[in-house]
Every structure is written in structure tokens, then in C-alpha cells.
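Everything below belongs to structure_8.cif, which stores mmCIF, C-alpha atoms and all ligand atoms.
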```
data_work
#
loop_
_atom_site.label_atom_id
_atom_site.label_comp_id
_atom_site.auth_asym_id
_atom_site.auth_seq_id
_atom_site.Cartn_x
_atom_site.Cartn_y
_atom_site.Cartn_z
CA MET A 91 121.88 119.86 54.03
CA ALA A 92 119.19 117.66 52.59
CA LYS A 93 120.52 114.56 50.91
CA ASP A 94 119.82 113.91 47.28
CA TYR A 95 118.93 110.25 47.24
CA TYR A 96 118.85 110.13 43.47
CA LYS A 97 122.38 111.47 43.32
CA ILE A 98 123.55 108.97 45.94
CA LEU A 99 122.25 106.09 43.86
CA GLY A 100 123.44 107.69 40.62
CA VAL A 101 120.05 107.55 38.95
CA ASP A 102 117.84 110.29 37.60
CA LYS A 103 114.40 111.26 38.77
CA GLY A 104 112.61 109.49 35.96
CA SER A 105 114.24 106.14 36.66
CA SER A 106 112.08 103.06 36.99
CA GLN A 107 111.90 101.12 40.25
CA GLU A 108 113.86 98.42 38.47
CA ASP A 109 116.68 100.82 37.58
CA ILE A 110 116.80 102.07 41.15
CA LYS A 111 117.03 98.54 42.47
CA LYS A 112 119.81 97.72 40.03
CA ALA A 113 121.73 100.86 40.91
CA PHE A 114 121.45 100.06 44.60
CA ARG A 115 122.61 96.48 44.11
CA LYS A 116 125.63 97.68 42.19
CA LEU A 117 126.56 100.14 44.92
CA ALA A 118 125.85 97.62 47.66
CA HIS A 119 128.30 95.22 46.10
CA GLN A 120 130.85 97.92 45.42
CA TYR A 121 130.82 99.40 48.90
CA HIS A 122 130.04 96.37 51.02
CA PRO A 123 132.11 96.79 54.18
CA ASP A 124 133.21 93.14 54.16
CA LYS A 125 134.85 93.65 50.82
CA ALA A 126 138.36 94.86 50.17
CA GLY A 127 137.97 98.50 49.21
CA GLY A 128 134.49 98.57 50.75
CA ASP A 129 133.20 101.75 52.29
CA GLU A 130 130.81 101.42 55.19
CA ALA A 131 129.68 105.05 55.13
CA LYS A 132 128.82 104.87 51.45
CA PHE A 133 127.19 101.48 51.90
CA LYS A 134 124.95 102.92 54.60
CA GLU A 135 124.22 106.02 52.57
CA ALA A 136 123.20 103.94 49.58
CA ASN A 137 121.07 101.81 51.87
CA GLU A 138 119.34 104.85 53.30
CA ALA A 139 118.64 106.21 49.83
CA TYR A 140 117.29 102.85 48.71
CA GLN A 141 115.02 102.55 51.75
CA VAL A 142 113.21 105.57 50.41
CA LEU A 143 113.52 105.40 46.63
CA GLY A 144 113.11 101.62 46.58
CA ASP A 145 109.63 101.99 48.03
CA GLU A 146 107.20 103.58 45.59
CA LYS A 147 105.14 105.19 48.30
CA LYS A 148 108.09 106.70 50.11
CA ARG A 149 109.63 107.74 46.85
CA GLY A 150 106.49 109.65 45.94
CA GLN A 151 106.61 111.48 49.26
CA TYR A 152 110.27 112.21 48.82
CA ASP A 153 109.63 113.64 45.37
CA GLN A 154 106.88 115.80 46.77
CA PHE A 155 108.33 116.94 50.04
CA GLY A 156 112.05 116.38 49.71
CA ALA A 157 114.48 114.95 52.22
CA ALA A 158 113.22 117.33 54.91
CA ALA A 159 110.36 114.93 55.42
CA PHE A 160 112.86 112.29 56.46
CA ASP A 161 115.07 114.01 59.01
CA GLY A 162 112.60 113.59 61.83
CA SER A 163 112.64 117.27 62.80
CA GLY A 164 109.17 117.90 61.50
CA GLY A 165 106.64 119.16 63.96
CA PHE A 166 104.50 116.08 63.79
CA GLY A 167 104.11 114.08 66.94
CA GLY A 168 105.44 110.60 67.16
CA PHE A 169 102.10 108.93 67.02
CA SER A 170 98.55 109.26 65.95
CA GLY A 171 95.80 109.77 68.48
CA GLY A 172 93.14 107.51 69.81
CA ALA A 173 95.05 105.90 72.59
CA GLY A 174 92.40 103.73 74.07
CA PRO A 175 93.20 100.19 75.06
CA GLY A 176 93.85 98.05 72.05
CA SER A 177 94.19 100.92 69.62
CA ALA A 178 97.34 101.04 67.58
CA TRP A 179 99.67 103.98 67.89
CA ASP A 180 101.83 104.59 64.91
CA PHE A 181 105.26 105.84 65.48
CA SER A 182 108.73 105.08 64.31
CA GLY A 183 111.72 105.29 66.55
CA GLY A 184 113.50 108.53 65.89
CA ALA A 185 112.91 108.99 62.23
CA GLY A 186 109.31 110.09 62.36
CA PHE A 187 109.00 109.60 58.68
CA GLU A 188 106.48 106.84 58.65
CA ASP A 189 104.11 109.06 60.56
CA LEU A 190 104.46 111.74 57.95
CA GLY A 191 103.90 109.01 55.44
CA ASP A 192 100.64 108.06 57.06
CA ILE A 193 99.48 111.62 57.39
CA PHE A 194 100.37 112.50 53.82
CA GLY A 195 99.06 109.18 52.65
CA ASN A 196 95.70 110.00 54.14
CA LEU A 197 95.71 113.55 52.85
CA PHE A 198 96.63 112.76 49.31
CA GLY A 199 95.08 109.38 48.98
CA GLY A 200 98.43 107.84 48.30
CA GLY A 201 98.76 104.13 48.46
CA ARG A 202 100.59 101.17 47.17
CA GLY A 203 99.68 100.36 43.66
CA ARG A 204 100.13 96.65 43.95
CA GLN A 205 100.37 94.01 46.57
CA GLU A 206 103.91 93.89 47.76
CA ARG A 207 105.80 91.18 49.48
CA ARG A 208 106.26 91.92 53.12
CA GLY A 209 107.95 90.31 56.08
CA SER A 210 105.88 89.12 59.03
CA ASP A 211 104.80 91.41 61.83
CA ILE A 212 105.88 90.44 65.30
CA GLN A 213 104.48 91.31 68.69
CA VAL A 214 106.14 91.73 72.04
CA ASP A 215 104.67 92.42 75.46
CA VAL A 216 106.25 95.13 77.58
CA ASP A 217 105.56 96.00 81.22
CA ILE A 218 105.81 99.61 82.26
CA THR A 219 105.00 101.42 85.48
CA PHE A 220 101.92 103.57 85.95
CA LYS A 221 104.08 106.68 86.10
CA ASP A 222 105.83 105.76 82.84
CA SER A 223 102.44 105.31 81.21
CA ILE A 224 101.66 108.91 82.12
CA PHE A 225 104.95 110.53 81.14
CA GLY A 226 106.34 108.12 78.54
CA VAL A 227 109.60 106.21 78.71
CA ASN A 228 112.31 104.70 76.56
CA LYS A 229 112.20 100.95 76.99
CA GLU A 230 114.75 98.46 75.78
CA VAL A 231 113.22 95.44 74.12
CA GLU A 232 115.06 92.26 73.25
CA LEU A 233 113.83 90.09 70.44
CA ILE A 234 114.95 87.33 68.18
CA LYS A 235 113.86 87.87 64.63
CA THR A 236 114.65 87.33 61.00
CA ASP A 237 116.75 90.25 59.88
CA THR A 238 118.73 91.29 56.84
CA CYS A 239 121.91 89.24 56.44
CA ASP A 240 124.95 91.22 57.55
CA ARG A 241 127.25 89.64 55.04
CA CYS A 242 125.35 90.28 51.82
CA GLY A 243 123.13 93.18 52.92
CA GLY A 244 120.08 91.16 51.93
CA THR A 245 120.98 90.45 48.33
CA GLY A 246 121.64 86.78 49.02
CA GLY A 247 124.81 86.98 46.96
CA GLU A 248 128.38 86.55 48.09
CA PRO A 249 129.86 90.07 48.35
CA GLY A 250 131.98 91.01 45.40
CA GLU A 251 130.83 88.15 43.18
CA GLY A 252 128.24 90.07 41.24
CA MET A 253 124.87 89.12 39.83
CA GLU A 254 123.81 87.38 36.68
CA THR A 255 120.61 87.25 34.69
CA CYS A 256 118.09 84.79 36.02
CA LYS A 257 117.90 81.88 33.60
CA ASP A 258 114.42 80.83 34.61
CA CYS A 259 112.87 84.07 33.42
CA ASP A 260 115.56 85.44 31.12
CA GLY A 261 115.78 88.48 33.37
CA ASN A 262 112.16 89.45 32.95
CA GLY A 263 111.22 88.62 36.50
CA VAL A 264 108.11 86.84 35.30
CA GLN A 265 107.50 83.32 34.11
CA MET A 266 105.03 82.77 31.35
CA GLY A 267 102.93 79.70 31.31
CA VAL A 268 99.95 78.25 29.56
CA GLN A 269 96.90 77.12 31.40
CA ARG A 270 94.20 75.02 29.83
CA THR A 271 90.74 76.24 30.60
CA VAL A 272 87.28 75.67 29.21
CA PHE A 273 87.85 78.74 27.07
CA GLY A 274 90.94 77.25 25.55
CA ASN A 275 94.57 77.88 26.39
CA VAL A 276 95.19 80.99 28.46
CA GLN A 277 98.56 82.52 28.87
CA THR A 278 99.51 83.08 32.49
CA LYS A 279 102.11 85.34 33.98
CA ARG A 280 103.56 85.00 37.43
CA THR A 281 106.48 86.36 39.37
CA CYS A 282 109.57 84.27 38.82
CA ALA A 283 110.07 82.10 41.89
CA THR A 284 113.80 81.78 41.30
CA CYS A 285 114.65 85.49 41.39
CA GLN A 286 111.45 86.70 43.10
CA GLY A 287 110.85 89.03 40.19
CA THR A 288 114.13 90.87 40.32
CA GLY A 289 115.39 89.31 37.09
CA GLU A 290 118.78 88.51 38.46
CA ILE A 291 120.38 86.05 40.79
CA PRO A 292 123.73 86.10 42.53
CA LYS A 293 126.58 84.39 40.73
CA LYS A 294 127.57 82.85 44.03
CA ILE A 295 125.24 82.55 46.98
CA CYS A 296 126.13 84.20 50.25
CA THR A 297 127.98 81.78 52.51
CA SER A 298 126.40 83.28 55.60
CA CYS A 299 122.71 83.02 54.70
CA GLN A 300 122.87 80.46 51.85
CA GLY A 301 121.22 82.96 49.55
CA GLN A 302 118.24 83.67 51.80
CA GLY A 303 119.30 87.30 52.28
CA THR A 304 118.16 87.04 55.89
CA GLN A 305 119.32 85.50 59.13
CA ARG A 306 117.92 85.01 62.63
CA LYS A 307 119.34 87.55 65.02
CA LYS A 308 118.98 88.53 68.61
CA GLN A 309 118.37 92.23 68.77
CA ARG A 310 118.07 94.93 71.33
CA LEU A 311 115.87 97.81 70.39
CA THR A 312 114.93 100.93 72.27
CA VAL A 313 111.24 101.67 71.91
CA THR A 314 110.06 105.17 72.68
CA ILE A 315 106.80 104.86 74.56
CA PRO A 316 104.86 108.11 74.31
CA SER A 317 103.15 109.76 77.24
CA GLY A 318 99.56 108.96 78.04
CA VAL A 319 99.45 105.29 77.09
CA GLU A 320 97.15 102.88 78.86
CA ASN A 321 97.06 99.25 79.77
CA GLY A 322 96.56 97.34 76.54
CA SER A 323 97.75 100.17 74.28
CA MET A 324 99.50 98.87 71.20
CA LEU A 325 102.43 100.65 69.60
CA ARG A 326 103.46 100.01 66.05
CA VAL A 327 107.14 100.34 65.24
CA ARG A 328 107.45 100.43 61.49
CA GLY A 329 110.03 98.27 59.81
CA GLN A 330 111.13 96.46 62.96
CA GLY A 331 109.36 93.21 62.21
CA GLU A 332 110.81 90.36 60.21
CA ALA A 333 112.81 91.01 57.08
CA ILE A 334 112.43 89.15 53.81
CA LYS A 335 114.78 89.04 50.87
CA VAL A 336 112.69 90.94 48.37
CA GLY A 337 110.05 93.20 49.85
CA ALA A 338 109.36 95.39 52.84
CA THR A 339 110.21 94.49 56.40
CA GLY A 340 107.25 93.78 58.65
CA ASP A 341 106.31 95.86 61.67
CA LEU A 342 106.84 95.33 65.35
CA PHE A 343 103.82 95.67 67.63
CA VAL A 344 104.44 96.43 71.27
CA ARG A 345 101.60 95.67 73.62
CA LEU A 346 101.85 97.60 76.87
CA HIS A 347 100.97 96.32 80.28
CA VAL A 348 100.33 98.94 82.91
CA PRO A 349 99.44 97.97 86.49
CA HIS A 350 96.49 99.66 88.15
CA ASP A 351 97.47 102.40 90.57
CA THR A 352 95.09 102.46 93.52
CA ARG A 353 95.68 106.18 94.04
CA PHE A 354 94.47 107.28 90.62
CA GLU A 355 91.67 106.54 88.21
CA ARG A 356 92.10 107.70 84.68
CA ASP A 357 89.50 109.24 82.43
CA GLY A 358 91.27 110.21 79.22
CA ALA A 359 93.67 112.98 80.15
CA THR A 360 92.05 113.49 83.56
CA LEU A 361 93.29 111.77 86.69
CA ILE A 362 90.84 111.31 89.53
CA SER A 363 91.87 110.80 93.13
CA GLU A 364 90.20 110.91 96.52
CA ALA A 365 91.12 112.76 99.67
CA THR A 366 89.62 112.33 103.08
CA ILE A 367 89.33 115.29 105.44
CA GLY A 368 87.97 115.71 108.90
CA PHE A 369 84.72 117.25 109.96
CA THR A 370 86.38 120.38 111.35
CA GLN A 371 88.57 120.86 108.27
CA ALA A 372 85.46 120.74 106.11
CA ALA A 373 83.61 123.20 108.27
CA LEU A 374 86.40 125.69 108.86
CA GLY A 375 88.56 125.17 105.77
CA ASP A 376 92.19 124.02 105.67
CA THR A 377 95.10 123.32 103.37
CA ILE A 378 95.81 119.62 102.81
CA GLU A 379 98.51 117.71 100.92
CA VAL A 380 97.33 115.72 97.93
CA GLU A 381 99.21 113.08 95.97
CA THR A 382 99.71 113.77 92.28
CA VAL A 383 101.85 112.01 89.70
CA ASP A 384 104.31 114.87 90.22
CA GLY A 385 104.44 114.33 93.97
CA LEU A 386 102.63 116.00 96.86
CA VAL A 387 100.93 119.36 96.28
CA ASP A 388 98.92 121.64 98.53
CA LEU A 389 95.17 121.87 98.06
CA LYS A 390 93.15 124.59 99.72
CA ILE A 391 89.89 123.35 101.19
CA PRO A 392 87.48 126.24 101.58
CA ALA A 393 85.32 126.56 104.67
CA GLY A 394 81.96 124.84 104.29
CA THR A 395 83.15 122.09 101.95
CA GLN A 396 80.61 119.34 101.39
CA SER A 397 81.40 115.65 101.13
CA GLY A 398 81.81 114.63 97.49
CA SER A 399 83.03 118.09 96.41
CA GLN A 400 85.52 118.05 93.56
CA PHE A 401 88.59 120.22 93.32
CA ARG A 402 90.56 120.66 90.17
CA LEU A 403 94.34 120.64 90.12
CA ARG A 404 95.16 122.18 86.76
CA GLY A 405 97.89 120.58 84.70
CA LYS A 406 98.39 117.61 87.03
CA GLY A 407 96.78 115.11 84.71
CA VAL A 408 98.00 113.18 81.71
CA PRO A 409 100.10 114.95 79.05
CA HIS A 410 98.28 115.32 75.75
CA GLY A 411 99.12 117.45 72.76
CA ARG A 412 101.13 120.33 74.09
CA GLY A 413 99.51 120.52 77.48
CA ARG A 414 98.36 118.35 80.29
CA GLY A 415 95.02 117.32 81.62
CA ASP A 416 93.86 118.08 85.15
CA GLN A 417 93.55 116.07 88.29
CA LEU A 418 90.19 116.00 90.03
CA VAL A 419 90.28 115.48 93.76
CA VAL A 420 87.05 114.16 95.25
CA VAL A 421 86.84 115.07 98.91
CA ASN A 422 85.27 112.73 101.43
CA ILE A 423 84.44 113.95 104.87
CA LYS A 424 85.05 111.57 107.67
CA THR A 425 82.50 111.70 110.43
CA PRO A 426 84.17 111.03 113.77
CA GLU A 427 83.32 107.61 115.15
CA LYS A 428 84.79 107.89 118.60
CA LEU A 429 84.33 111.07 120.54
CA SER A 430 85.61 111.97 123.93
CA ARG A 431 83.13 113.17 126.49
CA GLU A 432 84.36 116.71 126.00
CA GLN A 433 84.02 116.56 122.20
CA LYS A 434 80.54 115.17 122.53
CA LYS A 435 79.59 117.98 124.83
CA LEU A 436 80.94 120.58 122.43
CA LEU A 437 79.05 119.10 119.53
CA GLU A 438 75.87 118.92 121.51
CA GLU A 439 76.26 122.57 122.38
CA LEU A 440 76.71 123.38 118.68
CA ASP A 441 73.59 121.38 117.83
CA LEU A 442 74.23 121.51 114.08
CA LYS A 443 71.06 120.44 112.31
CA GLU A 444 71.91 121.89 108.97
ZN ZN B 501 123.78 86.71 53.14
ZN ZN B 502 113.84 84.88 37.44
#
```

Please rewrite the model in this file as C-alpha cells.
Ligand SMILES: [Zn+2]
Ligand SMILES: [Zn+2]
Amino acid sequence: MAKDYYKILGVDKGSSQEDIKKAFRKLAHQYHPDKAGGDEAKFKEANEAYQVLGDEKKRGQYDQFGAAAFDGSGGFGGFSGGAGPGSAWDFSGGAGFEDLGDIFGNLFGGGRGRQERRGSDIQVDVDITFKDSIFGVNKEVELIKTDTCDRCGGTGGEPGEGMETCKDCDGNGVQMGVQRTVFGNVQTKRTCATCQGTGEIPKKICTSCQGQGTQRKKQRLTVTIPSGVENGSMLRVRGQGEAIKVGATGDLFVRLHVPHDTRFERDGATLISEATIGFTQAALGDTIEVETVDGLVDLKIPAGTQSGSQFRLRGKGVPHGRGRGDQLVVVNIKTPEKLSREQKKLLEELDLKE
């Protein structure tokens, strides 16, 4: 069953972002697991709902496409194409929603109306094997980063103590000022620094984060590396960067390091390898074993094969879309360097001039 995020937060569809934030705060305090009578499941549910409705862009997508867009079962791949070195692949671990967001965002011209506060992006370097770069792999990454405070859930307030109206802005979230200019006095408006525009502050600050709403944490994270990446490919994991108290969490960028494999060259989805055969094999034909990323496979060499001939092994290349690229095997013919007297004699008798 699709979840009704509006119902979870107890707000109606026409609610303002401010109302949604307030409703979430109320629930977060009510259900905070550290509190007597807290309810972790409900706390998480409210959090999940707020992750979507609290973000205008996501909320718009939710309104348009419903919760189905969020369950990750959509047919969209985990990343967007263009996997060359240095290009960014967008994907989000498991949820898949951000990808939908990007796709829909591009289709419908959606975008954030105003500059929003955002945590910093962070970057980690990850080494993977050549084979993992072809087939993809789940890689555990350890990082230390600023994350949402466990105790207060990011509100900066001591659980159960409630919020009060910000005195510096009278709950408006903005501070008015007057600036003298050559045109006379101009009224200025800026986001209240005390409450960061939320209009309320905790009655008591969280003892764990001193009201910051965030704390430094060591974290282990499993990053799903898609198939077909290359050395230098960059993955973007949405929302796994640094958290800030009010605003979106930054992104995590994973730069991949893939060692060169001397057996294979890569050209997009095609793998290219070389095989060396003997003079007689080339002339009479043979079946040889060729290395592929799937292991050894047989390759039939037809009689009369020339040096430099290419043979295609279908589906032995790099996975892309729903299929796989091919492997091209370039055949080199080795001319014998040392011949026995008997071999020499035979060749002379053949007298092959063409
Ligand atoms: Zn805290
Ligand atoms: Zn304020």
C-alpha cells in the first residue's frame, strides 16, 4: 500500500511548507524514541514523510506521481548514462527516487524556486577491481561526517521540551532592518540568524549537540556501484553528504579507481583482447581458448585466417542497458622463429609465396 505522507503528518494537501515543518516538529517531539512514550516506528514514519513533503521539489513530484515514485520499484535504472571518466553518475542507494526526481525534473522543468541551505558535499575515493568495474559491486565505504543529531533528530532542541517563538524575529523567520543608501533609507529583509528562518527555537537546547542539530559521526555505508564504470568515474549518492540543521543534506561523491587490466582494452561497451595463434592453426583452422571476463571460452579459427583478423564474441563485453556489449578478439599469427631441419624442408617443399 502506498503511504499517505500528508496523513502521516496530519496536514492537508494545501498546507504551506511552514505548516508541514511545524507538524513534523510536533510529531518528532512526540514520538522521539529517547522520550518516555516515544515510538520509534512512528518517528521514522514521520521522518520519511517529512523528507518528501518538507522538500518542495519532492513534494511536487509526490503530488503528481504519488508514493509509487518513492518505493524504488520503478523501472528506471539506478543511474543516468554517460559513464566516461569524470562524468557523474546519479543514483541513490536503494530508493531510486532521486533518479526519478532528476528525470521528471528534466521533463517537466521542475526546479527549486529559491536558493536553499544545503550541507556540504563530500568526496571519497574507492578502489575496485577491473572485474567489478564491468559487472558492478556493492562496496562498503567508511566516512566521518556531520550527520543529524541522534538525540534531537536535528531540531537542536532537547527532546520533550518543546519549542517557543523566536524572540529575535517574533516568529516571522525574517529580521527587518533599515539600510541607509544614497536613495534614502531602504528597508531590508533577511533570514533570522537565530532561528534560521523557522520562526521558532527550542525551549531547551539539546544536550548532545548543544543546539546544532548535527554531530560528527563515523559511518559505514554500502554504495552500489553499477556495472560498466571506468577508472575516474564519479558516482553521486544523494543525501549522503554532510547534514545541516535547517536545509538539505549534501551529497556524497564516490570517485572510482580501476586498475588497468593488461588482458583487455575497453571501448565503451566493447572489450578488445588479443590472441596469438600459430602458422599452421591460421592456415588449417582450429579452435582456441580465449580469455573473457566470464572466464575461458572457445573460439573457432577458420582456415585461412589472416594476421590482424578480428573475431566477435557476442555478449562478452560490458553490460549496458539490458544487454551486454561484445568482445573483439584480434588474432596475431606467430611466424616460427626456430625450425627444425625437417620443418624447414617441409616448408621449402610447400614453397608458399602467397
Ligand atoms: Zn541534538
Ligand atoms: Zn528568528

Please give me, as a list in words, the residues lying within 7 Å of ligand ZN 501 (chain B) when counting only C-alpha atoms and all ligand atoms.
Cys239, Asp240, Arg241, Cys242, Gly243, Gly244, Thr245, Gly246, Gly247, Glu248, Cys296, Thr297, Ser298, Cys299, Gln300, Gly301, Gln302, Gly303 and Thr304 of chain A

How would you write, as a list of chain:residue names, the set of residues no farther than 9 Å from ligand ZN 502 (chain B) when counting all atoms listed in the file?
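Listed by chain and ascending number, the contacts are A:Thr255, A:Cys256, A:Lys257, A:Asp258, A:Cys259, A:Asp260, A:Gly261, A:Asn262, A:Gly263, A:Val264, A:Gln265, A:Thr281, A:Cys282, A:Ala283, A:Thr284, A:Cys285, A:Gln286, A:Gly287, A:Thr288, A:Gly289, A:Glu290, A:Ile291.
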
Nearby residues (only C-alpha atoms) at most 10 Å from Gly413 in chain A, same-chain spacing under 6 positions excluded, as a PyMOL selection string:
chain A and resi 359+405+407

Figure out the distance between CA of Phe225 in chain A and CA of Gly322 in chain A, please, to one decimal in Å.
16.3 Å

To one decimal place in Å, what is the distance between CA of Arg310 in chain A and CA of Lys235 in chain A?
10.6 Å

Residues within 8 Å of Leu117 in chain A, all atoms listed in the file, excluding chain neighbours under 5 positions, as a list in words
Leu99, His122, Phe133 and Ala136 of chain A

Please, could you write that set of residues out with C-alpha atoms as a PDB file, keeping the file's coordinate frame?
```pdb
ATOM      1  CA  LEU A  99     122.250 106.090  43.860  1.00  0.00           C
ATOM      2  CA  HIS A 122     130.040  96.370  51.020  1.00  0.00           C
ATOM      3  CA  PHE A 133     127.190 101.480  51.900  1.00  0.00           C
ATOM      4  CA  ALA A 136     123.200 103.940  49.580  1.00  0.00           C
TER       5      ALA A 136
END
```

From the list A:Asp145, A:Val216, A:Gly411, A:Leu386, which residue is nearest Thr312 in chain A when using only C-alpha atoms?
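The shortest atom-to-atom distance to Thr312 in chain A comes from A:Val216.
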
Long-range neighbours of Val421 in chain A as a tab-separated table (two decimals) with C-alpha atoms, keeping the file's coordinate frame, 8 Å cut-off, only C-alpha atoms, 3 positions minimum in chain:
```tsv
chain	number	residue	atom	x	y	z
A	364	GLU	CA	90.20	110.91	96.52
A	365	ALA	CA	91.12	112.76	99.67
A	366	THR	CA	89.62	112.33	103.08
A	367	ILE	CA	89.33	115.29	105.44
A	396	GLN	CA	80.61	119.34	101.39
A	397	SER	CA	81.40	115.65	101.13
A	398	GLY	CA	81.81	114.63	97.49
A	399	SER	CA	83.03	118.09	96.41
A	400	GLN	CA	85.52	118.05	93.56
A	401	PHE	CA	88.59	120.22	93.32
```

Please rebuild range 130-140 of chain A with all heavy atoms and give the result as a tab-separated table (two decimals), in the frame of the given file.
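Final output, saved to rebuild_35.tsv:
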```tsv
chain	number	residue	atom	x	y	z
A	130	GLU	N	132.01	101.60	54.39
A	130	GLU	CA	130.81	101.42	55.19
A	130	GLU	C	129.88	102.64	55.12
A	130	GLU	O	128.67	102.50	55.02
A	130	GLU	CB	131.19	101.13	56.65
A	130	GLU	CG	129.98	100.58	57.40
A	130	GLU	CD	130.29	100.15	58.83
A	130	GLU	OE1	131.47	100.09	59.20
A	130	GLU	OE2	129.31	99.91	59.57
A	131	ALA	N	130.49	103.82	55.16
A	131	ALA	CA	129.68	105.05	55.13
A	131	ALA	C	128.85	105.11	53.84
A	131	ALA	O	127.66	105.42	53.85
A	131	ALA	CB	130.58	106.27	55.26
A	132	LYS	N	129.52	104.80	52.73
A	132	LYS	CA	128.82	104.87	51.45
A	132	LYS	C	127.78	103.76	51.33
A	132	LYS	O	126.73	103.93	50.72
A	132	LYS	CB	129.83	104.80	50.30
A	132	LYS	CG	130.62	106.09	50.20
A	132	LYS	CD	131.23	106.25	48.83
A	132	LYS	CE	131.68	107.68	48.64
A	132	LYS	NZ	132.65	107.87	47.59
A	133	PHE	N	128.12	102.61	51.91
A	133	PHE	CA	127.19	101.48	51.90
A	133	PHE	C	125.91	101.88	52.64
A	133	PHE	O	124.80	101.67	52.17
A	133	PHE	CB	127.86	100.28	52.59
A	133	PHE	CG	127.02	99.03	52.60
A	133	PHE	CD1	126.80	98.30	51.44
A	133	PHE	CD2	126.47	98.56	53.79
A	133	PHE	CE1	126.03	97.15	51.46
A	133	PHE	CE2	125.71	97.41	53.82
A	133	PHE	CZ	125.50	96.70	52.65
A	134	LYS	N	126.11	102.50	53.80
A	134	LYS	CA	124.95	102.92	54.60
A	134	LYS	C	124.15	104.01	53.89
A	134	LYS	O	122.92	104.02	53.94
A	134	LYS	CB	125.42	103.45	55.96
A	134	LYS	CG	125.71	102.32	56.92
A	134	LYS	CD	125.98	102.83	58.31
A	134	LYS	CE	126.18	101.70	59.29
A	134	LYS	NZ	126.91	102.12	60.48
A	135	GLU	N	124.87	104.92	53.27
A	135	GLU	CA	124.22	106.02	52.57
A	135	GLU	C	123.35	105.48	51.42
A	135	GLU	O	122.20	105.89	51.24
A	135	GLU	CB	125.30	106.95	52.03
A	135	GLU	CG	124.79	108.31	51.62
A	135	GLU	CD	125.92	109.21	51.15
A	135	GLU	OE1	126.72	108.76	50.29
A	135	GLU	OE2	126.00	110.34	51.63
A	136	ALA	N	123.94	104.53	50.69
A	136	ALA	CA	123.20	103.94	49.58
A	136	ALA	C	121.96	103.20	50.11
A	136	ALA	O	120.88	103.27	49.54
A	136	ALA	CB	124.10	102.98	48.81
A	137	ASN	N	122.16	102.54	51.24
A	137	ASN	CA	121.07	101.81	51.87
A	137	ASN	C	119.92	102.75	52.26
A	137	ASN	O	118.75	102.49	52.01
A	137	ASN	CB	121.61	101.12	53.13
A	137	ASN	CG	121.00	99.75	53.29
A	137	ASN	OD1	119.91	99.49	52.80
A	137	ASN	ND2	121.72	98.88	53.96
A	138	GLU	N	120.32	103.86	52.87
A	138	GLU	CA	119.34	104.85	53.30
A	138	GLU	C	118.55	105.38	52.09
A	138	GLU	O	117.32	105.48	52.12
A	138	GLU	CB	120.09	106.01	53.99
A	138	GLU	CG	119.15	107.06	54.58
A	138	GLU	CD	119.91	108.31	55.04
A	138	GLU	OE1	121.06	108.18	55.51
A	138	GLU	OE2	119.35	109.40	54.89
A	139	ALA	N	119.29	105.69	51.03
A	139	ALA	CA	118.64	106.21	49.83
A	139	ALA	C	117.68	105.17	49.25
A	139	ALA	O	116.56	105.49	48.83
A	139	ALA	CB	119.70	106.59	48.79
A	140	TYR	N	118.12	103.91	49.30
A	140	TYR	CA	117.29	102.85	48.71
A	140	TYR	C	116.04	102.58	49.55
A	140	TYR	O	114.99	102.23	49.02
A	140	TYR	CB	118.12	101.58	48.54
A	140	TYR	CG	117.34	100.48	47.85
A	140	TYR	CD1	116.88	100.65	46.54
A	140	TYR	CD2	117.05	99.29	48.50
A	140	TYR	CE1	116.15	99.68	45.91
A	140	TYR	CE2	116.31	98.30	47.87
A	140	TYR	CZ	115.87	98.50	46.57
A	140	TYR	OH	115.14	97.51	45.96
```
